Amino acid sequence: MEQPLDGVTVVALEQAVAAPLATRHLADLGARVIKVERTGRGDFARDYDRVVHGTGAHFVWLNRGKESLAVDLKSPEGVAVVRSLIGTADVFVQNLAPGAAARLGLGADELRAAHPALVTVSLTGYGVGGPYEQRKAYDMLIQAEAGLVSITGTPGTPSKTGIPTSDIAAGMYCVQSVLAALLRRGRTGVGAAVDVSMLEATVEWMGYPLYTSLYTGVQPARMGLSHTAIAPYDSYPTTDGRILIGVQNDSGWRTLVTTVLGVPELADDPRFATNVDRVRHRAECDAAVAEQSAKWSTAELDARLAAAGVPAADVRELDEVIAHPQLAARDRWREIRTENATVKALLPPVTFADVEARMGDVPALGAHTTALLREAGLTAAQADDLLARGVAEQAA
């Protein structure tokens with residue numbers, strides 16, 4: 001059975017997280033992804049660390065299934081190679097600094113004038129135009145500008161999220177835009193020029209707190225693991241750790257205190273009878289739940305909550321997530337290769353009934369350069385000349 005994106009070619013002038021995440025998802029779905037990298041160093045995410053048997057964890061996560069072309073884009077020959085490959089591609093994705101691609105002759109207007117069916121996606125920090133267009137746009141900075149930091153953390157300490165949320169949000173909207181543009185092109189034959197902004201992607205994800213502030217004028221509080229509008233909704237002590245419980249309606253509260261915790265008198269306590277009451281008396285509600293949860297081990301209480309249908313979760317460390325029984329039962333781990341070793345990688349979360357995602361290897365810098373130079377129209381002698389002069393680089 002064919003992969004969903006078999007036959008689609010993507011050229012990506014990308015680095016860091018957002019754009020590489022987008023094109024990795026396209027590669028998982030079967031697209032051919034040609035990753036254009038600088039000679040010498042390549043995508044700087046290669047060097048964030050060396051924890052995956054000598055390869056950077058970010059790079060392994062974001063770049064499986066791609067071909068690596070290492071060329072010097074400061075040289076006319078390097079740019080010409082990339083333009084040639086784009087000319088036969090379906091999609092061009094780039095997340096260079098605003099205006100940088102256009103200065104190289106790889107701007108959306110110029111490329112689509114030559115190739116009207118091409119889909120171009122420019123992924124930037126703040127979007128095209130506006131006073132922030134040229135600002136640096138690292139994930140943490142965007143989280144701050146989008147207000148995500150203002151609602152994350154404890155009441156006394158704001159915090160960024162533990163993963164690059166703004167990068168991931170922008171990358172996923174990039175994937176969505178490519179799929180939508182290809183679908184439209186299938187009907188019309190016309191490509192698209194798409195602009196994706198990390199700021200706008202993150203602000204979109206702010207949904208509930210953003211609209212709460214817009215229509216109440218009140219800044220939502222930072223709640224840690226709790227929730228501004230629901231109680232009980234937090235982690236609670238057990239004899240050997242903690243467990244997260246989230247009750248979202250009044251019938252769930254009655255089940256929690258009656259069936260699970262064995263204190264039915266709390267069901268009709270006027271302080272706790274409705275969610276509005278429980279939020280108003282949050283400290284007392286949390287204390288009442290904690291007093292009872294502390295009587296069981298985490299495993300015992302987790303089983304009781306699950307049997308009663310009360311939403312709950314273990315607060316897992318990452319080693320426990322790696323060994324999660326649900327991931328094991330659904331057989332979600334696969335093996336892929338890096339330039340140094342065979343490593344474990346998770347299947348993507350989109351599961352087709354008839355075909356498994358293509359889990360390609362993680363390329364060494366310039367692993368496919370020579371073949372791609374020839375594909376771009378160079379003779380063997382011309383390709384060897386670019387390699388000899390350092391305009392292009394082939395992995396050993």
# chains A, B, ... in the order shown; residues from 1 in each chain; ligands from 1
>>> residues_around(residues="region 78-84 of chain A", least_positions_apart="5", cutoff="10 Å", atoms="only C-alpha atoms", output="number ranges by chain")
A: 11-13, 34, 36, 38, 69-73, 89, 104-106, 111, 372-378, 386, 391-392
>>> write_last_selection(atoms="N, CA and C atoms", output="short mmCIF file (atom, residue, chain, number, x, y, z; two decimals), in the first residue's frame")
data_model
loop_
_atom_site.label_atom_id
_atom_site.label_comp_id
_atom_site.auth_asym_id
_atom_site.auth_seq_id
_atom_site.Cartn_x
_atom_site.Cartn_y
_atom_site.Cartn_z
N VAL A 11 11.68 20.24 -0.79
CA VAL A 11 13.02 20.80 -0.55
C VAL A 11 12.90 21.72 0.65
N ALA A 12 13.77 21.52 1.64
CA ALA A 12 13.67 22.27 2.89
C ALA A 12 14.99 22.96 3.19
N LEU A 13 14.95 24.27 3.26
CA LEU A 13 16.09 25.07 3.70
C LEU A 13 15.79 25.45 5.15
N ILE A 34 14.29 16.67 0.91
CA ILE A 34 15.69 17.02 0.68
C ILE A 34 16.02 18.18 1.61
N VAL A 36 18.44 20.92 2.91
CA VAL A 36 19.59 21.71 2.49
C VAL A 36 20.30 22.24 3.73
N ARG A 38 24.15 23.83 5.53
CA ARG A 38 25.42 24.51 5.30
C ARG A 38 26.56 23.51 5.28
N LEU A 69 21.67 17.46 1.80
CA LEU A 69 22.47 18.11 0.78
C LEU A 69 23.25 19.23 1.45
N ALA A 70 24.57 19.14 1.46
CA ALA A 70 25.41 20.17 2.07
C ALA A 70 26.03 21.02 0.97
N VAL A 71 25.57 22.28 0.86
CA VAL A 71 26.10 23.21 -0.15
C VAL A 71 26.28 24.58 0.47
N ASP A 72 27.18 25.36 -0.12
CA ASP A 72 27.44 26.73 0.33
C ASP A 72 26.52 27.67 -0.43
N LEU A 73 25.54 28.21 0.25
CA LEU A 73 24.58 29.10 -0.40
C LEU A 73 25.11 30.51 -0.56
N ALA A 89 10.47 20.02 -7.59
CA ALA A 89 9.82 19.65 -6.33
C ALA A 89 8.37 20.12 -6.31
N LEU A 104 18.65 35.39 -1.48
CA LEU A 104 19.35 34.31 -2.17
C LEU A 104 18.73 34.00 -3.53
N GLY A 105 17.63 34.67 -3.86
CA GLY A 105 16.91 34.33 -5.07
C GLY A 105 15.95 33.18 -4.89
N LEU A 106 15.62 32.88 -3.62
CA LEU A 106 14.74 31.77 -3.30
C LEU A 106 13.47 32.24 -2.60
N LEU A 111 10.22 32.21 -6.97
CA LEU A 111 10.10 30.78 -7.24
C LEU A 111 8.76 30.44 -7.89
N LEU A 372 22.57 14.16 -5.22
CA LEU A 372 21.68 15.30 -5.46
C LEU A 372 22.30 16.31 -6.41
N LEU A 373 23.61 16.46 -6.39
CA LEU A 373 24.26 17.32 -7.38
C LEU A 373 24.01 16.80 -8.78
N ARG A 374 24.13 15.49 -8.94
CA ARG A 374 23.87 14.90 -10.26
C ARG A 374 22.40 15.06 -10.63
N GLU A 375 21.51 14.90 -9.65
CA GLU A 375 20.08 15.06 -9.92
C GLU A 375 19.76 16.49 -10.34
N ALA A 376 20.54 17.45 -9.83
CA ALA A 376 20.33 18.85 -10.17
C ALA A 376 20.87 19.19 -11.56
N GLY A 377 21.46 18.23 -12.23
CA GLY A 377 21.89 18.44 -13.61
C GLY A 377 23.38 18.57 -13.81
N LEU A 378 24.17 18.45 -12.77
CA LEU A 378 25.61 18.55 -12.90
C LEU A 378 26.19 17.25 -13.45
N LEU A 386 32.79 20.95 -7.50
CA LEU A 386 32.18 21.64 -6.36
C LEU A 386 32.63 21.03 -5.04
N VAL A 391 32.45 23.96 -2.16
CA VAL A 391 31.12 24.52 -2.39
C VAL A 391 30.05 23.54 -1.96
N ALA A 392 30.39 22.26 -2.03
CA ALA A 392 29.50 21.20 -1.57
C ALA A 392 30.32 20.22 -0.75
#
>>> residues_around(residues="Leu62 (chain A)", least_positions_apart="4", cutoff="12 Å", atoms="only C-alpha atoms", output="short mmCIF file (atom, residue, chain, number, x, y, z; two decimals) with all heavy atoms, in the first residue's frame")
data_model
loop_
_atom_site.label_atom_id
_atom_site.label_comp_id
_atom_site.auth_asym_id
_atom_site.auth_seq_id
_atom_site.Cartn_x
_atom_site.Cartn_y
_atom_site.Cartn_z
N GLU A 14 16.21 24.59 6.07
CA GLU A 14 15.65 24.60 7.41
C GLU A 14 16.74 24.43 8.46
O GLU A 14 17.82 23.93 8.18
CB GLU A 14 14.64 23.46 7.55
CG GLU A 14 15.28 22.09 7.34
CD GLU A 14 14.32 20.91 7.45
OE1 GLU A 14 13.10 21.11 7.33
OE2 GLU A 14 14.80 19.78 7.64
N GLN A 15 16.39 24.82 9.68
CA GLN A 15 17.29 24.64 10.81
C GLN A 15 16.48 24.69 12.10
O GLN A 15 15.32 25.08 12.11
CB GLN A 15 18.35 25.75 10.83
CG GLN A 15 17.77 27.15 10.85
CD GLN A 15 18.79 28.23 10.56
OE1 GLN A 15 19.97 27.95 10.41
NE2 GLN A 15 18.35 29.47 10.49
N ALA A 16 17.11 24.27 13.18
CA ALA A 16 16.52 24.31 14.52
C ALA A 16 15.36 23.32 14.64
O ALA A 16 15.53 22.15 14.35
CB ALA A 16 16.13 25.73 14.90
N VAL A 17 14.14 23.80 15.03
CA VAL A 17 13.06 22.89 15.40
C VAL A 17 11.82 23.00 14.51
O VAL A 17 11.34 22.00 13.98
CB VAL A 17 12.66 23.11 16.88
CG1 VAL A 17 11.45 22.24 17.25
CG2 VAL A 17 13.83 22.79 17.80
N ALA A 18 11.29 24.20 14.34
CA ALA A 18 9.94 24.34 13.78
C ALA A 18 9.83 23.75 12.38
O ALA A 18 8.99 22.88 12.12
CB ALA A 18 9.53 25.81 13.79
N ALA A 19 10.62 24.22 11.43
CA ALA A 19 10.54 23.71 10.07
C ALA A 19 10.99 22.25 9.98
O ALA A 19 10.33 21.45 9.30
CB ALA A 19 11.33 24.60 9.11
N PRO A 20 12.09 21.86 10.64
CA PRO A 20 12.45 20.43 10.60
C PRO A 20 11.38 19.51 11.14
O PRO A 20 11.20 18.39 10.64
CB PRO A 20 13.73 20.38 11.44
CG PRO A 20 14.35 21.72 11.25
CD PRO A 20 13.19 22.67 11.22
N LEU A 21 10.64 19.95 12.17
CA LEU A 21 9.54 19.12 12.67
C LEU A 21 8.47 18.94 11.59
O LEU A 21 7.96 17.84 11.36
CB LEU A 21 8.92 19.74 13.92
CG LEU A 21 7.69 19.02 14.47
CD1 LEU A 21 8.04 17.63 14.96
CD2 LEU A 21 7.04 19.83 15.58
N ALA A 22 8.15 20.04 10.91
CA ALA A 22 7.13 19.97 9.86
C ALA A 22 7.54 19.00 8.76
O ALA A 22 6.76 18.13 8.35
CB ALA A 22 6.89 21.37 9.27
N THR A 23 8.76 19.12 8.27
CA THR A 23 9.17 18.27 7.15
C THR A 23 9.40 16.83 7.60
O THR A 23 9.23 15.91 6.79
CB THR A 23 10.43 18.83 6.47
OG1 THR A 23 11.50 18.93 7.42
CG2 THR A 23 10.15 20.20 5.88
N ARG A 24 9.74 16.61 8.87
CA ARG A 24 9.85 15.23 9.33
C ARG A 24 8.49 14.54 9.31
O ARG A 24 8.37 13.37 8.95
CB ARG A 24 10.43 15.17 10.74
CG ARG A 24 10.88 13.76 11.14
CD ARG A 24 10.54 13.42 12.55
NE ARG A 24 9.15 13.07 12.72
CZ ARG A 24 8.54 12.95 13.89
NH1 ARG A 24 9.20 13.19 15.01
NH2 ARG A 24 7.27 12.62 13.95
N HIS A 25 7.45 15.26 9.69
CA HIS A 25 6.11 14.68 9.60
C HIS A 25 5.75 14.37 8.15
O HIS A 25 5.12 13.34 7.87
CB HIS A 25 5.08 15.61 10.22
CG HIS A 25 5.01 15.55 11.71
ND1 HIS A 25 4.62 14.42 12.39
CD2 HIS A 25 5.30 16.48 12.67
CE1 HIS A 25 4.66 14.65 13.70
NE2 HIS A 25 5.07 15.88 13.89
N LEU A 26 6.14 15.24 7.23
CA LEU A 26 5.88 14.97 5.82
C LEU A 26 6.66 13.74 5.36
O LEU A 26 6.14 12.91 4.60
CB LEU A 26 6.24 16.19 4.98
CG LEU A 26 5.43 17.46 5.27
CD1 LEU A 26 5.99 18.64 4.49
CD2 LEU A 26 3.95 17.26 4.94
N ALA A 27 7.90 13.60 5.84
CA ALA A 27 8.69 12.42 5.49
C ALA A 27 8.07 11.16 6.06
O ALA A 27 8.02 10.12 5.39
CB ALA A 27 10.13 12.59 6.01
N ASP A 28 7.59 11.22 7.30
CA ASP A 28 6.92 10.06 7.90
C ASP A 28 5.72 9.62 7.07
O ASP A 28 5.37 8.43 7.03
CB ASP A 28 6.45 10.38 9.32
CG ASP A 28 7.58 10.43 10.33
OD1 ASP A 28 8.67 9.90 10.05
OD2 ASP A 28 7.37 11.01 11.41
N LYS A 35 16.88 17.92 2.59
CA LYS A 35 17.24 18.92 3.59
C LYS A 35 18.53 19.62 3.15
O LYS A 35 19.58 18.99 3.01
CB LYS A 35 17.47 18.24 4.94
CG LYS A 35 17.82 19.18 6.09
CD LYS A 35 18.07 18.39 7.37
CE LYS A 35 18.43 19.30 8.55
NZ LYS A 35 17.25 20.05 9.02
N ASP A 43 22.90 22.01 9.87
CA ASP A 43 21.87 22.48 10.79
C ASP A 43 22.48 22.54 12.19
O ASP A 43 22.99 21.55 12.70
CB ASP A 43 20.70 21.50 10.75
CG ASP A 43 19.52 21.90 11.63
OD1 ASP A 43 19.69 22.75 12.53
OD2 ASP A 43 18.44 21.33 11.43
N ALA A 45 21.24 22.43 14.95
CA ALA A 45 20.66 21.50 15.91
C ALA A 45 21.47 20.21 15.99
O ALA A 45 21.34 19.45 16.96
CB ALA A 45 19.21 21.17 15.53
N ARG A 46 22.31 19.95 14.99
CA ARG A 46 23.20 18.79 15.08
C ARG A 46 24.12 18.88 16.29
O ARG A 46 24.54 17.86 16.84
CB ARG A 46 24.07 18.70 13.82
CG ARG A 46 23.34 18.24 12.57
CD ARG A 46 24.29 18.13 11.39
NE ARG A 46 23.63 17.64 10.18
CZ ARG A 46 23.49 16.37 9.86
NH1 ARG A 46 23.97 15.43 10.68
NH2 ARG A 46 22.88 16.01 8.75
N THR A 55 25.03 11.70 18.48
CA THR A 55 24.20 12.58 17.66
C THR A 55 23.27 13.37 18.56
O THR A 55 22.81 12.88 19.59
CB THR A 55 23.37 11.76 16.65
OG1 THR A 55 24.25 10.96 15.86
CG2 THR A 55 22.57 12.67 15.73
N GLY A 56 22.97 14.61 18.18
CA GLY A 56 22.11 15.46 19.00
C GLY A 56 20.69 14.94 19.11
O GLY A 56 20.10 14.47 18.12
N ALA A 57 20.12 15.00 20.31
CA ALA A 57 18.76 14.49 20.53
C ALA A 57 17.74 15.24 19.68
O ALA A 57 16.82 14.64 19.10
CB ALA A 57 18.40 14.60 22.02
N HIS A 58 17.86 16.57 19.60
CA HIS A 58 16.93 17.34 18.76
C HIS A 58 17.02 16.86 17.32
O HIS A 58 16.00 16.69 16.64
CB HIS A 58 17.27 18.83 18.81
CG HIS A 58 16.70 19.56 19.98
ND1 HIS A 58 17.30 19.54 21.22
CD2 HIS A 58 15.58 20.32 20.11
CE1 HIS A 58 16.58 20.28 22.06
NE2 HIS A 58 15.54 20.74 21.42
N LYS A 66 15.14 11.89 5.96
CA LYS A 66 15.47 12.97 5.03
C LYS A 66 16.79 12.68 4.30
O LYS A 66 17.61 11.90 4.76
CB LYS A 66 15.58 14.30 5.79
CG LYS A 66 14.33 14.69 6.55
CD LYS A 66 14.50 16.01 7.28
CE LYS A 66 13.27 16.33 8.12
NZ LYS A 66 13.41 17.63 8.84
N ASP A 167 7.73 26.41 18.84
CA ASP A 167 8.29 25.74 17.67
C ASP A 167 7.36 24.65 17.17
O ASP A 167 7.11 24.50 15.97
CB ASP A 167 9.64 25.11 18.02
CG ASP A 167 10.79 26.11 18.04
OD1 ASP A 167 10.78 27.04 17.22
OD2 ASP A 167 11.69 25.95 18.88
N ILE A 168 6.86 23.84 18.10
CA ILE A 168 5.99 22.72 17.72
C ILE A 168 4.69 23.23 17.12
O ILE A 168 4.21 22.71 16.10
CB ILE A 168 5.73 21.81 18.94
CG1 ILE A 168 7.04 21.15 19.39
CG2 ILE A 168 4.68 20.74 18.61
CD1 ILE A 168 6.94 20.44 20.72
N GLY A 171 5.40 24.43 13.64
CA GLY A 171 5.68 23.31 12.76
C GLY A 171 4.43 22.56 12.35
O GLY A 171 4.27 22.15 11.19
N ALA A 345 13.05 5.01 18.18
CA ALA A 345 12.27 6.19 17.84
C ALA A 345 10.79 5.82 17.89
O ALA A 345 10.42 4.69 17.58
CB ALA A 345 12.64 6.70 16.46
N LEU A 346 9.98 6.79 18.25
CA LEU A 346 8.54 6.57 18.34
C LEU A 346 7.87 6.73 16.99
O LEU A 346 8.19 7.66 16.23
CB LEU A 346 7.91 7.58 19.31
CG LEU A 346 7.92 7.25 20.78
CD1 LEU A 346 7.46 8.47 21.57
CD2 LEU A 346 7.02 6.06 21.08
N PRO A 348 5.04 8.09 14.64
CA PRO A 348 4.22 9.30 14.78
C PRO A 348 2.82 8.95 15.26
O PRO A 348 2.36 7.82 15.09
CB PRO A 348 4.21 9.87 13.35
CG PRO A 348 4.53 8.72 12.47
CD PRO A 348 5.42 7.81 13.26
N MET A 359 9.58 5.19 8.60
CA MET A 359 10.52 5.64 9.63
C MET A 359 11.94 5.56 9.06
O MET A 359 12.66 4.58 9.24
CB MET A 359 10.39 4.76 10.87
CG MET A 359 9.02 4.81 11.53
SD MET A 359 8.81 6.24 12.58
CE MET A 359 9.80 5.76 13.99
N GLY A 360 12.34 6.61 8.35
CA GLY A 360 13.64 6.60 7.69
C GLY A 360 14.78 6.90 8.65
O GLY A 360 14.58 7.27 9.81
N ASP A 361 16.00 6.76 8.16
CA ASP A 361 17.19 6.99 8.96
C ASP A 361 17.49 8.48 9.09
O ASP A 361 16.99 9.31 8.32
CB ASP A 361 18.39 6.27 8.35
CG ASP A 361 18.23 4.76 8.40
OD1 ASP A 361 17.48 4.27 9.26
OD2 ASP A 361 18.86 4.07 7.57
N VAL A 362 18.33 8.82 10.05
CA VAL A 362 18.77 10.19 10.28
C VAL A 362 20.06 10.41 9.49
O VAL A 362 21.05 9.70 9.72
CB VAL A 362 19.01 10.44 11.78
CG1 VAL A 362 19.50 11.87 12.01
CG2 VAL A 362 17.73 10.17 12.58
N PRO A 363 20.10 11.36 8.57
CA PRO A 363 21.26 11.45 7.68
C PRO A 363 22.46 12.13 8.33
O PRO A 363 22.32 13.06 9.13
CB PRO A 363 20.74 12.30 6.53
CG PRO A 363 19.73 13.21 7.17
CD PRO A 363 19.07 12.37 8.24
#
>>> atom_distance(atom1="CA of Pro264 (chain A)", atom2="CA of Ala229 (chain A)")
23.5 Å
>>> atom_distance(atom1="CA of Phe59 (chain A)", atom2="CA of Ala341 (chain A)")
13.8 Å
>>> residues_around(residues="Ala97 (chain A)", least_positions_apart="3", cutoff="12 Å", atoms="only C-alpha atoms", output="list of chain:residue names")
A:Leu13, A:Glu14, A:Gln15, A:Gln94, A:Ala100, A:Ala101, A:Ala102, A:Arg103, A:Leu104, A:Gly107, A:Ser122, A:Leu123, A:Thr124, A:Gly125, A:Tyr126, A:Gly127, A:Val128, A:Glu133, A:Gln134, A:Arg135, A:Lys136, A:Ala137, A:Tyr138
>>> write_last_selection(atoms="N, CA and C atoms", output="compact mmCIF listing (two decimals), in the first residue's frame")
# COMPACT_ATOMS: atom_id res chain seq x y z
N LEU A 13 14.95 24.27 3.26
CA LEU A 13 16.09 25.07 3.70
C LEU A 13 15.79 25.45 5.15
N GLU A 14 16.21 24.59 6.07
CA GLU A 14 15.65 24.60 7.41
C GLU A 14 16.74 24.43 8.46
N GLN A 15 16.39 24.82 9.68
CA GLN A 15 17.29 24.64 10.81
C GLN A 15 16.48 24.69 12.10
N GLN A 94 11.06 26.89 4.12
CA GLN A 94 12.26 27.53 4.66
C GLN A 94 11.92 28.31 5.91
N ALA A 100 15.85 36.58 4.09
CA ALA A 100 17.09 35.91 3.70
C ALA A 100 16.90 35.05 2.46
N ALA A 101 15.80 34.31 2.39
CA ALA A 101 15.56 33.46 1.22
C ALA A 101 15.43 34.30 -0.05
N ALA A 102 14.72 35.42 0.05
CA ALA A 102 14.57 36.29 -1.12
C ALA A 102 15.91 36.84 -1.58
N ARG A 103 16.77 37.19 -0.64
CA ARG A 103 18.09 37.70 -1.01
C ARG A 103 18.93 36.66 -1.73
N LEU A 104 18.65 35.39 -1.48
CA LEU A 104 19.35 34.31 -2.17
C LEU A 104 18.73 34.00 -3.53
N GLY A 107 13.06 33.46 -2.88
CA GLY A 107 11.83 33.99 -2.32
C GLY A 107 10.61 33.38 -2.97
N SER A 122 6.97 29.78 4.13
CA SER A 122 7.96 30.56 4.88
C SER A 122 7.55 30.59 6.33
N LEU A 123 8.36 30.02 7.18
CA LEU A 123 8.06 29.93 8.60
C LEU A 123 8.97 30.91 9.34
N THR A 124 8.36 31.92 9.96
CA THR A 124 9.11 32.98 10.63
C THR A 124 8.64 33.14 12.07
N GLY A 125 9.37 33.96 12.81
CA GLY A 125 9.00 34.18 14.20
C GLY A 125 7.74 35.01 14.36
N TYR A 126 7.70 36.14 13.65
CA TYR A 126 6.62 37.11 13.87
C TYR A 126 5.79 37.39 12.63
N GLY A 127 6.09 36.72 11.52
CA GLY A 127 5.35 36.98 10.30
C GLY A 127 5.97 38.11 9.50
N VAL A 128 5.47 38.28 8.28
CA VAL A 128 6.01 39.28 7.37
C VAL A 128 5.35 40.62 7.65
N GLU A 133 9.05 42.13 12.87
CA GLU A 133 9.41 41.20 11.80
C GLU A 133 10.85 40.72 11.89
N GLN A 134 11.79 41.61 12.19
CA GLN A 134 13.21 41.26 12.16
C GLN A 134 13.76 40.80 13.51
N ARG A 135 12.92 40.67 14.50
CA ARG A 135 13.42 40.26 15.82
C ARG A 135 13.80 38.78 15.85
N LYS A 136 14.78 38.46 16.70
CA LYS A 136 15.11 37.06 16.94
C LYS A 136 13.89 36.36 17.51
N ALA A 137 13.74 35.09 17.18
CA ALA A 137 12.48 34.41 17.51
C ALA A 137 12.74 33.01 18.05
N TYR A 138 13.53 32.91 19.11
CA TYR A 138 13.71 31.61 19.74
C TYR A 138 12.42 31.22 20.47
>>> atom_distance(atom1="CA of Asp250 (chain A)", atom2="CA of Thr274 (chain A)")
5.7 Å
>>> select_by_dssp(residues="region 165-296 of chain A", states="strand (DSSP E)", output="JSON, numbers by chain")
{"A": [192, 193, 194, 195, 196, 197, 233, 234, 235, 236, 237, 242, 243, 244, 245, 246]}
>>> decode(residues="region 114-156 of chain A", atoms="C-alpha atoms", output="mmCIF file, in the first residue's frame")
data_model
loop_
_atom_site.group_PDB
_atom_site.id
_atom_site.type_symbol
_atom_site.label_atom_id
_atom_site.label_comp_id
_atom_site.auth_asym_id
_atom_site.auth_seq_id
_atom_site.Cartn_x
_atom_site.Cartn_y
_atom_site.Cartn_z
ATOM 1 C CA ALA A 114 8.943 30.271 -12.447
ATOM 2 C CA HIS A 115 6.952 27.348 -11.034
ATOM 3 C CA PRO A 116 3.257 28.241 -10.547
ATOM 4 C CA ALA A 117 2.382 24.792 -9.170
ATOM 5 C CA LEU A 118 4.976 25.038 -6.398
ATOM 6 C CA VAL A 119 3.853 25.284 -2.765
ATOM 7 C CA THR A 120 6.177 27.542 -0.762
ATOM 8 C CA VAL A 121 6.039 27.853 3.015
ATOM 9 C CA SER A 122 7.958 30.557 4.876
ATOM 10 C CA LEU A 123 8.062 29.934 8.604
ATOM 11 C CA THR A 124 9.115 32.976 10.633
ATOM 12 C CA GLY A 125 8.999 34.176 14.203
ATOM 13 C CA TYR A 126 6.622 37.105 13.873
ATOM 14 C CA GLY A 127 5.350 36.980 10.299
ATOM 15 C CA VAL A 128 6.006 39.280 7.369
ATOM 16 C CA GLY A 129 5.674 42.981 8.136
ATOM 17 C CA GLY A 130 5.030 44.719 11.428
ATOM 18 C CA PRO A 131 7.488 46.150 13.953
ATOM 19 C CA TYR A 132 8.663 42.751 15.204
ATOM 20 C CA GLU A 133 9.408 41.203 11.796
ATOM 21 C CA GLN A 134 13.206 41.262 12.158
ATOM 22 C CA ARG A 135 13.417 40.259 15.819
ATOM 23 C CA LYS A 136 15.107 37.062 16.943
ATOM 24 C CA ALA A 137 12.483 34.413 17.511
ATOM 25 C CA TYR A 138 13.708 31.609 19.745
ATOM 26 C CA ASP A 139 11.025 29.418 21.256
ATOM 27 C CA MET A 140 11.320 30.847 24.785
ATOM 28 C CA LEU A 141 11.059 34.410 23.467
ATOM 29 C CA ILE A 142 7.906 33.601 21.516
ATOM 30 C CA GLN A 143 6.387 31.852 24.543
ATOM 31 C CA ALA A 144 6.918 35.086 26.472
ATOM 32 C CA GLU A 145 5.558 37.380 23.747
ATOM 33 C CA ALA A 146 2.504 35.148 23.231
ATOM 34 C CA GLY A 147 1.592 35.209 26.931
ATOM 35 C CA LEU A 148 2.202 31.496 27.428
ATOM 36 C CA VAL A 149 4.794 32.160 30.132
ATOM 37 C CA SER A 150 2.295 34.392 31.953
ATOM 38 C CA ILE A 151 -0.073 31.467 32.583
ATOM 39 C CA THR A 152 2.502 28.688 33.046
ATOM 40 C CA GLY A 153 4.115 27.833 36.367
ATOM 41 C CA THR A 154 3.075 28.368 39.951
ATOM 42 C CA PRO A 155 1.439 31.472 41.424
ATOM 43 C CA GLY A 156 4.851 32.749 42.509
#
